[in-house]
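Asker: Structure below; questions to follow.
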Amino acid sequence: MSKKIKKNWYDYMWIFSVTYLVLGFFNIIFAWLGLICFILPLAISIIHGSKAYCNKYCGRGQLLDMLGRKFSLSRNKVPPKFLRSKWFRYGFLTFFMTMFLLMLYNTYLVFAGASLKEVVTLLWVFKLPWHWAGTTAAPSWVAQFAFGFYSVMLTSTILGIITMILFRPRSWCVYCPMGSMTQGICTIKYKGENKDGRKSERDSGIVEVISK
Amino acid sequence: MLGTKKLAHVGDECVSCGACVKECQLNAISIYKGMYADVDKNKCVGCGKCAKACPAGVIEIISKGAAAV
Ligand code: SF4
Ligand code: SF4
Ligand code: SF4
């Protein structure tokens, strides 16, 4: 149950996430809108020094929360420990960004004259024909980027839904590359700063761990 | 338990997603500078709602000696 009875405008950002995925079925060029979900969280963490995007505005997080809780699709199990470990989170971020750069390279190849591939690649492996989605007579590299970017967005949504079902609703947020990057940026920005007493929290005062 | 207080404790592997913040009706937990969740010891009653929502499973409900709070 969420504490707020009165909803804020940003509590409806999940609508943006759903609309985005639907639009890609009709016209792939809409995939460019997904850049907002890349640039905004980074800009907020660099300029404002916070994870306000994750904490308030991210439609993906809201959607997973809603599917998991309102629609009771989640098993609500704590994910395995490795998921929250630094090596896995930063390892996944590295893999994700490598694939992203590869996608940019493919866009460049099309810009340089290679032919447009009208496919959406799921989980970096499965190629789905997608020629029924319009491309609005855009230059072919513009369309190629859109196919690539939509693949990234659809793949991460699918991973998010799988981990939402298997574990807790927002389990994707544990290894989401944007979440890892924005937390990393804040940690670098506030290096050395710590809330008083955080590190000594588990000192002698603790009697027992009651539950988890 | 006389002299002790139930309290949420956030582990080091918090990913600062904010799922716990949305859960706490007492506004006892907040994200500190985008880095991790921080519990206000004076407000928290150790109800455990945040722990159940935490996707990383890093919140424990602990019992803490009153003298140390
Ligand atoms: S971690 Fe990723 S999916 Fe979760 S709220 Fe942040 S940006 Fe959204
Ligand atoms: S829900 Fe868990 S991982 Fe997310 S901010 Fe709260 S304590 Fe950290
Ligand atoms: S244990 Fe309850 S009161 Fe304490 S921070 Fe969590 S939700 Fe809030």
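Letters for chains follow the order of the structure tokens (A, B, ...), residue numbers begin at 1 for each chain, and ligand numbers begin at 1 in the order shown.
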Write out, as CSV, each residue of chain B that has an atom at most 10 Å from ligand 1, together with the closest pair of atoms and their distance in Å to one decimal, counting only C-alpha atoms and all ligand atoms, rows going by chain and rising number.

Answerer:
```
residue,atom,partner,partner_atom_place_in_ligand_line,distance
B:Val15,CA,ligand 1,1 (S),8.1
B:Ser16,CA,ligand 1,1 (S),8.3
B:Cys17,CA,ligand 1,1 (S),5.7
B:Gly18,CA,ligand 1,5 (S),7.9
B:Ala19,CA,ligand 1,5 (S),8.6
```

Asker: Would you list the contacts of region 47-50 of chain A as a PDB file with C-alpha atoms, in the first residue's frame, taking every protein, DNA or RNA residue within 7 Å and counting only C-alpha atoms, but skipping same-chain residues closer than 5 positions in sequence?

Answerer:
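Output file out32.pdb is given in full below:
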```pdb
ATOM      1  CA  CYS A 186      25.958  10.592  -6.881  1.00  0.00           C
TER       2      CYS A 186
ATOM      3  CA  LYS B  33      22.065  12.308  -1.663  1.00  0.00           C
ATOM      4  CA  GLY B  34      21.186   9.615  -4.192  1.00  0.00           C
TER       5      GLY B  34
END
```

Asker: For the atom pair CA of Arg75 (chain A) and CA of Gly59 (chain A), what is the interatomic distance in Å to one decimal place?

Answerer: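 The value is 21.3 Å.
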
Asker: Give the strand (DSSP E or B) residues of region 114-170 of chain A, as DSSP finds them on the backbone, and put them as a list in words.

Answerer: Val119, Val120, Thr121, Leu122, Phe126, Lys127, Leu128, Pro129 and Gly134 of chain A

Asker: How far is it from CA of Met13 (chain A) to CA of Lys70 (chain A), in Å with one decimal?

Answerer: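 We find that CA of Met13 (chain A) and CA of Lys70 (chain A) lie 16.0 Å from each other.
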
Asker: Excluding same-chain residues fewer than 3 positions from region 28-38 of chain A, what lies within 8 Å of it counting only C-alpha atoms, as JSON, numbers by chain?

Answerer: {"A": [20, 23, 24, 25, 41, 42, 58, 133, 134, 135, 136, 138, 142, 143, 145, 146, 147, 149, 150, 153, 178]}

Asker: Which residues sit within 7 Å of ligand 2, counting only C-alpha atoms and all ligand atoms, listed as a PyMOL selection string?

Answerer: (chain A and resi 174) or (chain B and resi 10+14-21+31+36-37+50+53-59)

Asker: Residues up to 10 Å from ligand 3, counting only C-alpha atoms and all ligand atoms: could you list those as a PyMOL selection string?

Answerer: (chain A and resi 3) or (chain B and resi 6-10+20-30+37-54+59-62)

Asker: Between A:Ile15, A:Cys54, A:Cys176, A:Ile188, which has the minimum distance to chain B (counting only C-alpha atoms)?

Answerer: A:Cys54
